[in-house]
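What follows is the content of upload-v4.txt (compact mmCIF, C-alpha atoms and all ligand atoms).
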# COMPACT_ATOMS: atom_id res chain seq x y z
CA MET A 15 -10.53 2.54 -37.76
CA THR A 16 -10.08 -0.78 -35.95
CA ALA A 17 -11.21 -1.27 -32.35
CA THR A 18 -9.04 -2.96 -29.71
CA LYS A 19 -11.33 -5.21 -27.71
CA GLY A 20 -11.44 -4.09 -24.09
CA LEU A 21 -8.95 -1.30 -24.97
CA GLU A 22 -6.17 -3.78 -24.14
CA GLY A 23 -2.77 -2.11 -24.28
CA ILE A 24 -4.22 1.31 -25.12
CA VAL A 25 -2.67 4.17 -23.15
CA ALA A 26 -5.71 6.37 -22.48
CA ALA A 27 -4.39 8.95 -19.97
CA SER A 28 -1.23 10.41 -18.48
CA SER A 29 -1.13 10.18 -14.71
CA SER A 30 1.36 10.72 -11.92
CA ILE A 31 -0.63 8.84 -9.26
CA SER A 32 0.20 5.15 -9.59
CA SER A 33 2.13 3.03 -12.01
CA ILE A 34 2.56 -0.63 -12.94
CA VAL A 35 5.87 -1.34 -14.64
CA ASP A 36 7.24 -4.88 -15.03
CA GLY A 37 4.78 -6.12 -12.41
CA VAL A 38 5.82 -3.53 -9.81
CA LEU A 39 3.03 -1.34 -8.44
CA THR A 40 3.93 2.08 -7.07
CA TYR A 41 1.84 4.91 -5.60
CA ARG A 42 3.51 8.26 -6.36
CA GLY A 43 6.81 6.41 -6.79
CA TYR A 44 6.58 4.38 -3.54
CA ASP A 45 6.61 0.60 -3.98
CA ILE A 46 3.42 -1.03 -2.72
CA ASP A 47 5.57 -3.57 -0.81
CA ASP A 48 7.07 -0.70 1.18
CA LEU A 49 3.75 1.07 1.82
CA ALA A 50 1.90 -2.15 2.71
CA VAL A 51 4.14 -2.84 5.70
CA ASN A 52 4.93 0.72 6.79
CA ALA A 53 2.17 3.20 5.93
CA SER A 54 -1.28 3.74 7.40
CA PHE A 55 -4.23 4.07 5.02
CA GLU A 56 -4.63 7.75 5.97
CA GLU A 57 -1.01 8.43 4.99
CA VAL A 58 -1.60 6.67 1.68
CA ALA A 59 -4.76 8.68 0.96
CA TYR A 60 -2.82 11.88 1.64
CA LEU A 61 -0.03 10.66 -0.63
CA LEU A 62 -2.45 9.92 -3.47
CA TRP A 63 -4.27 13.26 -3.20
CA PHE A 64 -1.38 15.62 -2.49
CA GLY A 65 1.56 13.82 -4.11
CA LYS A 66 3.76 13.48 -1.01
CA LEU A 67 3.72 11.67 2.32
CA PRO A 68 2.30 13.92 5.04
CA ASN A 69 4.38 15.22 7.93
CA ALA A 70 2.96 14.74 11.44
CA ALA A 71 0.97 18.01 11.44
CA GLU A 72 -0.48 17.37 7.96
CA LEU A 73 -1.51 13.86 8.91
CA GLN A 74 -3.13 15.10 12.11
CA GLU A 75 -5.08 17.71 10.16
CA LEU A 76 -6.30 15.12 7.66
CA GLU A 77 -7.34 12.75 10.47
CA ARG A 78 -9.21 15.61 12.15
CA ASP A 79 -11.04 16.45 8.90
CA LEU A 80 -11.90 12.78 8.32
CA SER A 81 -13.38 12.57 11.82
CA GLU A 82 -15.31 15.82 11.36
CA TYR A 83 -16.84 14.73 8.05
CA ALA A 84 -17.57 11.08 8.98
CA PRO A 85 -21.19 11.55 10.23
CA ILE A 86 -23.83 11.34 7.48
CA PRO A 87 -27.15 13.24 7.38
CA ASP A 88 -29.99 11.70 9.44
CA SER A 89 -32.31 12.00 6.46
CA LEU A 90 -29.91 9.89 4.39
CA ILE A 91 -30.03 7.21 7.09
CA GLU A 92 -33.85 7.36 7.01
CA GLN A 93 -33.74 7.05 3.23
CA MET A 94 -31.41 4.02 3.45
CA LYS A 95 -33.84 2.34 5.86
CA LEU A 96 -36.41 2.41 3.02
CA TYR A 97 -34.20 0.45 0.61
CA PRO A 98 -35.52 -3.12 0.07
CA PRO A 99 -33.87 -5.31 2.75
CA ASP A 100 -32.22 -7.73 0.30
CA THR A 101 -30.72 -5.03 -1.91
CA ASN A 102 -27.19 -5.69 -3.15
CA THR A 103 -24.93 -3.59 -0.90
CA MET A 104 -23.03 -2.11 -3.84
CA ALA A 105 -26.32 -1.05 -5.44
CA ALA A 106 -27.38 0.52 -2.14
CA LEU A 107 -23.98 2.22 -1.80
CA ARG A 108 -24.24 3.56 -5.35
CA SER A 109 -27.64 5.10 -4.53
CA ALA A 110 -26.54 6.48 -1.15
CA VAL A 111 -23.37 8.11 -2.55
CA SER A 112 -25.40 9.66 -5.35
CA ALA A 113 -27.84 10.96 -2.72
CA LEU A 114 -24.96 12.32 -0.62
CA ALA A 115 -24.44 15.03 -3.26
CA LEU A 116 -27.93 16.36 -2.54
CA TYR A 117 -26.85 17.23 1.00
CA ASP A 118 -23.60 18.94 0.04
CA GLU A 119 -24.04 22.64 -0.69
CA GLU A 120 -20.70 22.74 -2.49
CA ALA A 121 -21.42 19.68 -4.68
CA ASP A 122 -21.13 21.81 -7.84
CA ASP A 123 -18.34 24.10 -6.64
CA MET A 124 -15.54 23.23 -9.06
CA SER A 125 -12.71 25.05 -7.28
CA ARG A 126 -9.66 22.89 -6.43
CA GLU A 127 -10.15 23.73 -2.74
CA ALA A 128 -13.80 22.58 -2.72
CA ASN A 129 -12.96 19.43 -4.69
CA GLU A 130 -10.19 18.49 -2.25
CA ARG A 131 -12.64 18.99 0.60
CA LYS A 132 -15.23 16.81 -1.15
CA ALA A 133 -12.58 14.10 -1.68
CA ILE A 134 -12.02 14.04 2.10
CA LYS A 135 -15.77 14.08 2.78
CA LEU A 136 -16.35 11.12 0.46
CA GLN A 137 -13.46 9.22 2.04
CA ALA A 138 -14.89 9.92 5.49
CA GLN A 139 -18.52 9.15 4.67
CA LEU A 140 -18.28 5.96 2.60
CA PRO A 141 -17.37 3.81 5.64
CA THR A 142 -20.22 5.37 7.64
CA ILE A 143 -22.71 4.64 4.86
CA ILE A 144 -21.53 1.04 4.42
CA ALA A 145 -21.57 0.25 8.14
CA ALA A 146 -25.04 1.81 8.41
CA LEU A 147 -26.31 -0.25 5.44
CA ALA A 148 -24.93 -3.42 7.05
CA ARG A 149 -26.58 -2.71 10.40
CA ILE A 150 -29.90 -1.73 8.82
CA ARG A 151 -29.87 -5.02 6.92
CA GLN A 152 -29.38 -6.86 10.24
CA GLY A 153 -32.35 -4.97 11.71
CA GLU A 154 -30.08 -2.88 13.97
CA GLU A 155 -29.69 0.86 14.41
CA PRO A 156 -26.62 2.38 12.74
CA VAL A 157 -23.77 3.28 15.10
CA ALA A 158 -22.45 6.85 14.74
CA PRO A 159 -18.75 7.24 13.89
CA GLN A 160 -16.45 8.02 16.77
CA ALA A 161 -14.01 10.93 16.42
CA GLY A 162 -10.33 10.15 16.77
CA LEU A 163 -10.41 6.62 15.34
CA SER A 164 -8.67 5.59 12.12
CA ILE A 165 -10.84 4.69 9.13
CA ALA A 166 -10.19 0.96 9.66
CA GLU A 167 -10.96 1.07 13.39
CA ASN A 168 -14.00 3.29 12.98
CA PHE A 169 -15.45 1.08 10.27
CA LEU A 170 -15.16 -2.08 12.39
CA TYR A 171 -16.50 -0.16 15.40
CA MET A 172 -19.56 1.10 13.49
CA LEU A 173 -20.13 -2.37 12.07
CA ARG A 174 -19.91 -4.27 15.36
CA GLY A 175 -21.00 -1.60 17.85
CA GLU A 176 -17.91 -2.26 19.93
CA LYS A 177 -14.25 -1.38 19.67
CA PRO A 178 -12.35 -3.93 17.55
CA GLU A 179 -9.14 -5.61 18.67
CA GLU A 180 -5.81 -4.28 17.38
CA THR A 181 -5.04 -7.24 15.06
CA SER A 182 -8.25 -6.79 13.08
CA VAL A 183 -7.66 -3.06 12.76
CA LYS A 184 -4.12 -3.63 11.49
CA ALA A 185 -5.23 -6.25 8.98
CA LEU A 186 -8.04 -4.09 7.61
CA ASP A 187 -5.79 -1.04 7.46
CA GLN A 188 -3.23 -2.99 5.43
CA ALA A 189 -5.93 -4.28 3.09
CA LEU A 190 -7.08 -0.68 2.54
CA VAL A 191 -3.50 0.38 1.69
CA LEU A 192 -3.25 -2.46 -0.84
CA HIS A 193 -6.51 -1.58 -2.62
CA ALA A 194 -6.14 2.21 -2.70
CA ASP A 195 -5.17 2.84 -6.30
CA HIS A 196 -4.39 0.92 -9.43
CA GLU A 197 -3.66 3.04 -12.45
CA LEU A 198 -6.39 3.00 -15.10
CA ASN A 199 -8.54 0.11 -13.82
CA ALA A 200 -12.17 0.03 -15.02
CA SER A 201 -13.75 1.95 -12.11
CA THR A 202 -11.08 4.67 -12.13
CA PHE A 203 -11.47 5.03 -15.88
CA ALA A 204 -15.26 5.32 -15.40
CA ALA A 205 -14.70 8.07 -12.82
CA ARG A 206 -12.35 9.96 -15.14
CA VAL A 207 -14.70 9.66 -18.13
CA THR A 208 -17.57 11.02 -16.04
CA VAL A 209 -15.76 14.03 -14.60
CA ALA A 210 -14.04 14.84 -17.90
CA THR A 211 -17.43 16.25 -18.95
CA LEU A 212 -16.87 18.63 -16.00
CA SER A 213 -19.52 16.82 -14.02
CA ASP A 214 -19.07 16.86 -10.22
CA ILE A 215 -16.98 14.54 -8.04
CA TYR A 216 -20.08 12.76 -6.65
CA SER A 217 -21.09 11.81 -10.21
CA GLY A 218 -17.57 10.49 -10.80
CA VAL A 219 -17.56 8.36 -7.66
CA THR A 220 -21.11 7.10 -8.34
CA SER A 221 -20.00 5.95 -11.82
CA ALA A 222 -16.93 4.31 -10.30
CA ILE A 223 -18.98 2.41 -7.71
CA GLY A 224 -21.17 1.09 -10.53
CA ALA A 225 -18.09 -0.14 -12.39
CA LEU A 226 -16.45 -1.65 -9.30
CA LYS A 227 -19.58 -3.69 -8.54
CA GLY A 228 -19.12 -6.08 -11.50
CA PRO A 229 -17.63 -9.54 -10.86
CA LEU A 230 -14.88 -9.03 -13.45
CA HIS A 231 -13.61 -6.15 -11.29
CA GLY A 232 -14.18 -5.47 -7.56
CA GLY A 233 -17.16 -7.81 -7.33
CA ALA A 234 -14.76 -10.74 -7.74
CA ASN A 235 -13.90 -10.77 -4.01
CA GLU A 236 -17.52 -11.59 -3.12
CA ALA A 237 -17.63 -14.18 -5.90
CA VAL A 238 -14.50 -15.84 -4.45
CA MET A 239 -16.16 -16.17 -1.05
CA LYS A 240 -19.33 -17.58 -2.59
CA MET A 241 -17.15 -20.16 -4.37
CA LEU A 242 -15.31 -21.08 -1.15
CA LYS A 243 -18.66 -21.53 0.62
CA GLU A 244 -20.01 -23.63 -2.23
CA ILE A 245 -16.92 -25.87 -2.16
CA GLY A 246 -17.35 -26.24 1.60
CA SER A 247 -14.21 -28.19 2.57
CA LEU A 248 -10.62 -28.88 1.55
CA ASP A 249 -11.37 -32.38 0.28
CA GLN A 250 -13.92 -31.00 -2.21
CA VAL A 251 -11.56 -28.46 -3.78
CA ASP A 252 -9.95 -30.67 -6.43
CA SER A 253 -13.14 -32.03 -7.97
CA PHE A 254 -14.94 -28.65 -7.83
CA ILE A 255 -12.13 -26.69 -9.47
CA GLN A 256 -11.38 -29.41 -12.01
CA GLN A 257 -14.99 -29.41 -13.11
CA LYS A 258 -14.97 -25.62 -13.47
CA LEU A 259 -11.77 -25.74 -15.53
CA ASP A 260 -13.13 -28.57 -17.70
CA ASN A 261 -16.27 -26.50 -18.33
CA LYS A 262 -14.07 -23.51 -19.22
CA ASP A 263 -15.71 -21.52 -16.40
CA LYS A 264 -13.77 -18.61 -14.97
CA ILE A 265 -12.28 -19.07 -11.52
CA MET A 266 -12.93 -15.85 -9.67
CA GLY A 267 -9.94 -14.07 -8.18
CA PHE A 268 -7.56 -15.29 -10.90
CA GLY A 269 -6.12 -13.55 -13.93
CA HIS A 270 -5.47 -9.92 -14.64
CA ARG A 271 -5.38 -7.63 -17.64
CA VAL A 272 -2.02 -6.12 -16.73
CA TYR A 273 -0.22 -8.61 -14.47
CA LYS A 274 0.66 -11.81 -16.25
CA ASN A 275 3.25 -12.98 -13.71
CA GLY A 276 1.27 -12.32 -10.56
CA ASP A 277 -0.32 -9.43 -8.71
CA PRO A 278 2.16 -7.95 -6.19
CA ARG A 279 -0.68 -7.28 -3.72
CA ALA A 280 -1.77 -10.92 -3.54
CA LYS A 281 1.22 -12.14 -1.49
CA HIS A 282 0.46 -9.63 1.28
CA LEU A 283 -3.15 -10.74 1.44
CA GLN A 284 -2.11 -14.39 1.37
CA LYS A 285 0.23 -13.80 4.33
CA MET A 286 -2.53 -11.98 6.19
CA SER A 287 -4.97 -14.80 5.47
CA SER A 288 -2.50 -17.35 6.85
CA GLU A 289 -1.76 -15.28 9.98
CA LEU A 290 -5.44 -14.62 10.71
CA GLY A 291 -6.22 -18.32 10.20
CA GLU A 292 -3.48 -19.29 12.64
CA MET A 293 -4.73 -16.81 15.19
CA LYS A 294 -8.26 -18.14 14.92
CA GLY A 295 -6.99 -21.70 15.03
CA ASP A 296 -8.82 -22.51 11.81
CA MET A 297 -6.81 -22.78 8.61
CA THR A 298 -9.64 -24.20 6.48
CA LEU A 299 -10.25 -21.17 4.27
CA TYR A 300 -6.55 -20.54 3.87
CA ASP A 301 -5.76 -24.15 3.02
CA MET A 302 -8.63 -24.29 0.53
CA SER A 303 -7.41 -21.09 -1.12
CA VAL A 304 -3.84 -22.39 -1.40
CA ARG A 305 -5.06 -25.61 -2.97
CA ILE A 306 -7.21 -23.70 -5.48
CA GLU A 307 -4.17 -21.62 -6.39
CA GLU A 308 -2.03 -24.74 -6.88
CA ILE A 309 -4.56 -26.20 -9.31
CA VAL A 310 -5.42 -23.04 -11.25
CA THR A 311 -1.82 -21.84 -11.55
CA GLY A 312 -0.60 -25.35 -12.29
CA GLN A 313 -3.09 -26.01 -15.07
CA LYS A 314 -3.80 -22.58 -16.54
CA GLY A 315 -0.78 -20.54 -15.51
CA LEU A 316 -3.18 -17.98 -14.02
CA LYS A 317 -2.11 -16.27 -10.78
CA PRO A 318 -4.33 -14.96 -7.97
CA ASN A 319 -5.20 -11.27 -8.12
CA VAL A 320 -5.93 -8.86 -5.25
CA ASP A 321 -9.48 -10.21 -4.87
CA PHE A 322 -8.54 -13.85 -4.21
CA TYR A 323 -7.01 -13.88 -0.73
CA SER A 324 -8.94 -10.79 0.39
CA ALA A 325 -12.03 -13.03 0.52
CA SER A 326 -10.58 -15.28 3.24
CA VAL A 327 -9.02 -12.28 5.03
CA TYR A 328 -12.34 -10.44 5.36
CA THR A 329 -14.18 -13.60 6.39
CA GLN A 330 -11.58 -14.25 9.09
CA LEU A 331 -12.23 -10.69 10.28
CA GLY A 332 -15.86 -11.73 10.80
CA ILE A 333 -17.15 -9.66 7.88
CA GLU A 334 -20.02 -10.98 5.74
CA HIS A 335 -19.34 -11.38 2.02
CA GLU A 336 -21.93 -8.74 1.02
CA LEU A 337 -19.52 -6.13 2.41
CA PHE A 338 -16.37 -7.22 0.58
CA THR A 339 -16.81 -5.09 -2.54
CA PRO A 340 -18.05 -2.10 -0.49
CA ILE A 341 -14.84 -2.38 1.59
CA PHE A 342 -12.90 -2.28 -1.67
CA ALA A 343 -14.78 0.99 -2.37
CA ILE A 344 -13.80 2.40 1.07
CA SER A 345 -10.21 2.05 -0.01
CA ARG A 346 -10.49 2.82 -3.72
CA VAL A 347 -12.43 6.06 -3.22
CA SER A 348 -9.02 7.50 -2.26
CA GLY A 349 -7.68 6.58 -5.70
CA TRP A 350 -10.84 7.63 -7.54
CA ALA A 351 -10.71 11.04 -5.87
CA ALA A 352 -7.01 11.46 -6.69
CA HIS A 353 -7.70 10.65 -10.35
CA ILE A 354 -10.72 12.96 -10.44
CA LEU A 355 -8.62 15.85 -9.05
CA GLU A 356 -5.90 15.06 -11.60
CA GLN A 357 -8.44 14.93 -14.44
CA TYR A 358 -9.84 18.36 -13.50
CA GLU A 359 -6.32 19.83 -13.40
CA ASN A 360 -5.60 19.00 -17.03
CA ASN A 361 -8.99 18.26 -18.48
CA ARG A 362 -10.10 17.35 -21.95
CA ILE A 363 -13.39 15.53 -22.56
CA ILE A 364 -12.80 11.78 -23.06
CA ARG A 365 -14.47 10.84 -26.29
CA PRO A 366 -12.91 8.03 -28.32
CA ARG A 367 -14.28 6.64 -31.58
CA ALA A 368 -16.10 3.38 -32.38
CA GLU A 369 -15.41 1.10 -35.31
CA TYR A 370 -18.80 0.78 -37.00
CA VAL A 371 -19.64 -2.85 -37.82
CA GLY A 372 -23.41 -2.52 -38.35
CA LEU A 373 -25.65 -2.49 -41.41
CA THR A 374 -25.23 0.15 -44.09
CA ASP A 375 -27.35 1.64 -46.87
CA GLN A 376 -30.69 0.95 -45.16
CA LYS A 377 -33.76 2.79 -46.51
CA TYR A 378 -36.63 3.86 -44.30
CA VAL A 379 -39.71 1.62 -44.68
CA PRO A 380 -43.03 3.16 -43.57
CA LEU A 381 -44.51 1.53 -40.47
CA GLU A 382 -47.52 -0.02 -42.28
CA GLN A 383 -45.21 -1.80 -44.72
CA ARG A 384 -43.07 -3.53 -42.03
C1 LIG A 401 -9.58 -5.71 -8.66
C2 LIG A 401 -9.73 -6.41 -9.92
O1 LIG A 401 -10.50 -5.98 -10.72
S1 LIG A 401 -8.78 -7.76 -10.19
C3 LIG A 401 -9.71 -8.73 -11.33
C4 LIG A 401 -10.91 -9.33 -10.65
N1 LIG A 401 -11.66 -10.20 -11.56
C5 LIG A 401 -11.63 -11.55 -11.45
O2 LIG A 401 -10.96 -12.13 -10.62
C6 LIG A 401 -12.53 -12.28 -12.41
C7 LIG A 401 -11.81 -13.45 -13.06
N2 LIG A 401 -10.82 -12.97 -14.01
C8 LIG A 401 -11.17 -12.52 -15.25
O3 LIG A 401 -12.34 -12.53 -15.64
C9 LIG A 401 -10.08 -11.97 -16.15
O4 LIG A 401 -8.84 -12.57 -15.87
C10 LIG A 401 -9.94 -10.43 -16.04
C11 LIG A 401 -11.31 -9.76 -16.24
C12 LIG A 401 -9.39 -10.05 -14.67
C13 LIG A 401 -8.97 -9.94 -17.09
O5 LIG A 401 -9.58 -10.12 -18.33
P1 LIG A 401 -8.80 -10.08 -19.72
O6 LIG A 401 -7.59 -9.27 -19.61
O7 LIG A 401 -9.78 -9.68 -20.74
O8 LIG A 401 -8.33 -11.56 -19.89
P2 LIG A 401 -9.04 -12.65 -20.78
O9 LIG A 401 -10.45 -12.83 -20.29
O10 LIG A 401 -8.87 -12.30 -22.21
O11 LIG A 401 -8.21 -13.91 -20.40
C14 LIG A 401 -7.20 -14.51 -21.22
C15 LIG A 401 -7.42 -16.02 -21.20
O12 LIG A 401 -7.35 -16.50 -19.86
C16 LIG A 401 -8.57 -17.07 -19.47
N3 LIG A 401 -8.89 -16.60 -18.11
C17 LIG A 401 -8.70 -15.35 -17.63
N4 LIG A 401 -9.09 -15.29 -16.36
C18 LIG A 401 -9.53 -16.52 -16.04
C19 LIG A 401 -10.05 -17.07 -14.87
N5 LIG A 401 -10.19 -16.30 -13.77
N6 LIG A 401 -10.40 -18.35 -14.85
C20 LIG A 401 -10.26 -19.11 -15.95
N7 LIG A 401 -9.76 -18.64 -17.11
C21 LIG A 401 -9.41 -17.34 -17.14
C22 LIG A 401 -9.60 -16.54 -20.44
O13 LIG A 401 -10.71 -17.39 -20.56
C23 LIG A 401 -8.79 -16.43 -21.69
O14 LIG A 401 -8.67 -17.71 -22.24
P3 LIG A 401 -8.68 -17.95 -23.83
O15 LIG A 401 -7.49 -17.17 -24.34
O16 LIG A 401 -8.59 -19.41 -23.96
O17 LIG A 401 -9.96 -17.36 -24.31
O1 LIG A 402 -6.31 -2.82 -12.60
C1 LIG A 402 -7.27 -3.56 -12.84
O2 LIG A 402 -7.68 -3.83 -13.99
C2 LIG A 402 -8.01 -4.19 -11.72
C3 LIG A 402 -7.30 -4.14 -10.42
O3 LIG A 402 -6.45 -4.95 -10.13
C4 LIG A 402 -7.64 -3.06 -9.51
O4 LIG A 402 -8.48 -2.21 -9.84
O5 LIG A 402 -7.09 -3.04 -8.40
Could you write out this file's structure as structure tokens?
Amino acid sequence: MTATKGLEGIVAASSSISSIVDGVLTYRGYDIDDLAVNASFEEVAYLLWFGKLPNAAELQELERDLSEYAPIPDSLIEQMKLYPPDTNTMAALRSAVSALALYDEEADDMSREANERKAIKLQAQLPTIIAALARIRQGEEPVAPQAGLSIAENFLYMLRGEKPEETSVKALDQALVLHADHELNASTFAARVTVATLSDIYSGVTSAIGALKGPLHGGANEAVMKMLKEIGSLDQVDSFIQQKLDNKDKIMGFGHRVYKNGDPRAKHLQKMSSELGEMKGDMTLYDMSVRIEEIVTGQKGLKPNVDFYSASVYTQLGIEHELFTPIFAISRVSGWAAHILEQYENNRIIRPRAEYVGLTDQKYVPLEQR
């Protein structure tokens, strides 16, 4: 038995949700380039969960359910107020989502119907939790979700306490579409491993949030913004990046396990970053990002992934970097839930083997002789 480090190239599940073939990403057979410019995030969530695009009545019903489930229990808000003020937002989100299960009477109901309902509840409640965590951290009262708003609009509304302008809503909605699912990425795999024991959907999503938090995965978008802040200005980019490359440090937001010729989502985020910069009349972050890309791609052949330009996009939307990875979770919970439902439908416990490389033939030595 020989292990493959990082399971590279191992096909560990069959799935009909999303695919990456020759650098083309599709959700249920629809090219991400098509969905990114045409579909709303709610349509995409429906597509991932139910395998087809919704008709008008189906979409309306989903939007109504999302609005109905968006409020979170008052006692959960009180609990979140007790979290230490400087807590990492992903750690707080992980705890709050785990706690959410305690308030759901059907948390352990394993029927398909109940699990679909819980998928919609989780999708509806994650934005409410994240906006509440952000406001609590600022010393402000959480703003309750407003019925009838899209997920993107409601999130920005709950965050800011006032209705956002159309351009921001559109940009965030498109970013949510782009992040919704991605085959067997680390957090989705974590979710599938967890629920393959027939544990509940909340356990699966809590595991996934833990996996998404790391800087090699979803946490990279926050790391990119920290790097841009540390660099500070366009004229500092060359020396900063060169030093990192010389030290063999990783440049966050670059590289990918599957895409070697570029992440198809990155170009949409780059375009958005440029457009938002132009609208704000400040191209600094965009120009810095483009220069970083020129150097890293030029010298290492590494291309930006989905996390690279999302950092400047979210900053241009006035969002603080502590919320970048949680926003990724707002989108990706749609994909996690789709994979969890798929795993339950055709389940077998996920239990691979390990190649043992430790000591052998050891004999027990009594404590007093050690
Ligand atoms: C949503 C997402 O999860 S997208 C990914 C987000 N993560 C990041 O942006 C973090 C930075 N990137 C990385 O750490 C990696 O590219 C990963 C984790 C995305 C993929 O990892 P792997 O498939 O294991 O690639 P691996 O680390 O083996 O990289 C291959 C080579 O490229 C180098 N490399 C990969 N990414 C980078 C990078 N961002 N900066 C500098 N060098 C890099 C590696 O050091 C390695 O070099 P070597 O062969 O000389 O040792
Ligand atoms: O697929 C991966 O390994 C990481 C990624 O891009 C994602 O989860 O969107």
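Residue nearest Asn275 in chain A, chosen from A:Leu316, A:Ile245, A:Ile86, A:Leu80 and counting only C-alpha atoms: A:Leu316.
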**Request:** Find, counting all atoms listed in the file, the residue in A:Ile255, A:Ala105, A:Ile363, A:Ala222 that gets nearest to ligand LIG 402 (chain A).
**Result:** A:Ala222
Please write out, as JSON, where the centre of an axis-aligned box around all listed atoms of ligand LIG 402 (chain A) lies and how long its edges are, in Å to one decimal, after adding 6 Å on each side.
{"center_x": -7.4, "center_y": -3.6, "center_z": -11.2, "size_x": 14.2, "size_y": 14.7, "size_z": 17.6}
**Protein, DNA and RNA residues within 6 Å of (-8.3, 4.8, -17.8), only C-alpha atoms, as a list in words** = Ala26, Leu198 and Phe203 of chain A
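Using all atoms listed in the file for every distance, the candidate list A:Met104, A:Tyr216, A:Ser324, A:Lys66 yields A:Tyr216 as the residue closest to Leu116 in chain A.
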**Request:** Record the distance separating CA of Asp263 in chain A and atom N6 of ligand LIG 401 (chain A), expressed in Å with one decimal.
**Result:**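 So the two atoms, CA of Asp263 in chain A and atom N6 of ligand LIG 401 (chain A), lie 6.4 Å apart.
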**Between CA of Leu331 in chain A and CA of Asn235 in chain A, distance in Å (one decimal)** =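 CA of Asn235 in chain A lies 14.4 Å from CA of Leu331 in chain A.
For the choices A:Phe268, A:Ala146, A:Leu226, A:Gln284, the atom-to-atom distance to Glu92 in chain A is smallest for A:Ala146 when using all atoms listed in the file.
You can rank A:Leu140, A:Met286, A:Leu355, A:Val191 by their closest distance to ligand LIG 402 (chain A) using all atoms listed in the file, and at the top of that list sits A:Val191.
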**Message:** When you count only C-alpha atoms, which of these residues is closest to Ala121 in chain A: A:Gln74, A:Gln330, A:Ser213, A:Ser247?
**Reply:**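 Answer, going by the shortest atom-to-atom distance: A:Ser213.
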**Message:** as a ChimeraX atom specification, please: the residues near Lys317 in chain A (cut-off 8 Å, all atoms listed in the file, same-chain neighbours under 3 positions excluded).
**Reply:** /A:268-269,274-277,307,310-311
**Residues near Glu369 in chain A, cut-off 12 Å, all atoms listed in the file, skip fewer than 3 positions along chain, as a ChimeraX atom specification** = /A:15-19,366,372
**Asked** Residues at most 9 Å from ligand LIG 402 (chain A), using only C-alpha atoms and all ligand atoms? Could they come as a ChimeraX atom specification?
**Response** /A:192-202,226,230-232,270-273,277,279,319-321,342,346
Would you output that residue set with C-alpha atoms, as a CSV table (one decimal), in the coordinates of the input?
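Generated output (selection_1.csv):
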chain,number,residue,atom,x,y,z
A,192,LEU,CA,-3.2,-2.5,-0.8
A,193,HIS,CA,-6.5,-1.6,-2.6
A,194,ALA,CA,-6.1,2.2,-2.7
A,195,ASP,CA,-5.2,2.8,-6.3
A,196,HIS,CA,-4.4,0.9,-9.4
A,197,GLU,CA,-3.7,3.0,-12.4
A,198,LEU,CA,-6.4,3.0,-15.1
A,199,ASN,CA,-8.5,0.1,-13.8
A,200,ALA,CA,-12.2,0.0,-15.0
A,201,SER,CA,-13.8,2.0,-12.1
A,202,THR,CA,-11.1,4.7,-12.1
A,226,LEU,CA,-16.4,-1.6,-9.3
A,230,LEU,CA,-14.9,-9.0,-13.4
A,231,HIS,CA,-13.6,-6.2,-11.3
A,232,GLY,CA,-14.2,-5.5,-7.6
A,270,HIS,CA,-5.5,-9.9,-14.6
A,271,ARG,CA,-5.4,-7.6,-17.6
A,272,VAL,CA,-2.0,-6.1,-16.7
A,273,TYR,CA,-0.2,-8.6,-14.5
A,277,ASP,CA,-0.3,-9.4,-8.7
A,279,ARG,CA,-0.7,-7.3,-3.7
A,319,ASN,CA,-5.2,-11.3,-8.1
A,320,VAL,CA,-5.9,-8.9,-5.2
A,321,ASP,CA,-9.5,-10.2,-4.9
A,342,PHE,CA,-12.9,-2.3,-1.7
A,346,ARG,CA,-10.5,2.8,-3.7
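Across the model, the gap from CA of Val304 in chain A to CA of Val251 in chain A is 10.1 Å.
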**Message:** Would you pick out the contacts of Ser33 in chain A at 9 Å or less, using all atoms listed in the file, so that residues sharing its chain but fewer than 2 positions from it are not included, and give the list as a ChimeraX atom specification?
**Reply:** /A:29-31,35,38-43,196-197
**Message:** Env of Gln160 in chain A: 9 Å cut, atoms = only C-alpha atoms, seq-sep filter 5 positions within chain, self excluded. Answer as a VMD selection string.
**Reply:** chain A and resid 81 84 to 85 168 171 to 172
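Those residues that approach Asp214 in chain A to within 8 Å, counting only C-alpha atoms, are A:Ala121, A:Asp122, A:Met124, A:Val209; same-chain residues fewer than 5 positions away are not listed.
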Using the partial input, fill out range 57-61 of chain A with N, CA and C atoms; write the result as a PDB file, in the coordinates of the input.
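This went into rebuild_17.pdb:
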ATOM      1  N   GLU A  57      -2.220   7.888   5.633  1.00  0.00           N
ATOM      2  CA  GLU A  57      -1.010   8.430   4.990  1.00  0.00           C
ATOM      3  C   GLU A  57      -1.059   8.200   3.479  1.00  0.00           C
ATOM      4  N   VAL A  58      -1.532   7.013   3.105  1.00  0.00           N
ATOM      5  CA  VAL A  58      -1.600   6.670   1.680  1.00  0.00           C
ATOM      6  C   VAL A  58      -2.616   7.562   0.953  1.00  0.00           C
ATOM      7  N   ALA A  59      -3.756   7.801   1.589  1.00  0.00           N
ATOM      8  CA  ALA A  59      -4.760   8.680   0.960  1.00  0.00           C
ATOM      9  C   ALA A  59      -4.167  10.069   0.754  1.00  0.00           C
ATOM     10  N   TYR A  60      -3.466  10.561   1.764  1.00  0.00           N
ATOM     11  CA  TYR A  60      -2.820  11.880   1.640  1.00  0.00           C
ATOM     12  C   TYR A  60      -1.825  11.868   0.476  1.00  0.00           C
ATOM     13  N   LEU A  61      -1.033  10.806   0.429  1.00  0.00           N
ATOM     14  CA  LEU A  61      -0.030  10.660  -0.630  1.00  0.00           C
ATOM     15  C   LEU A  61      -0.686  10.702  -2.018  1.00  0.00           C
TER      16      LEU A  61
END
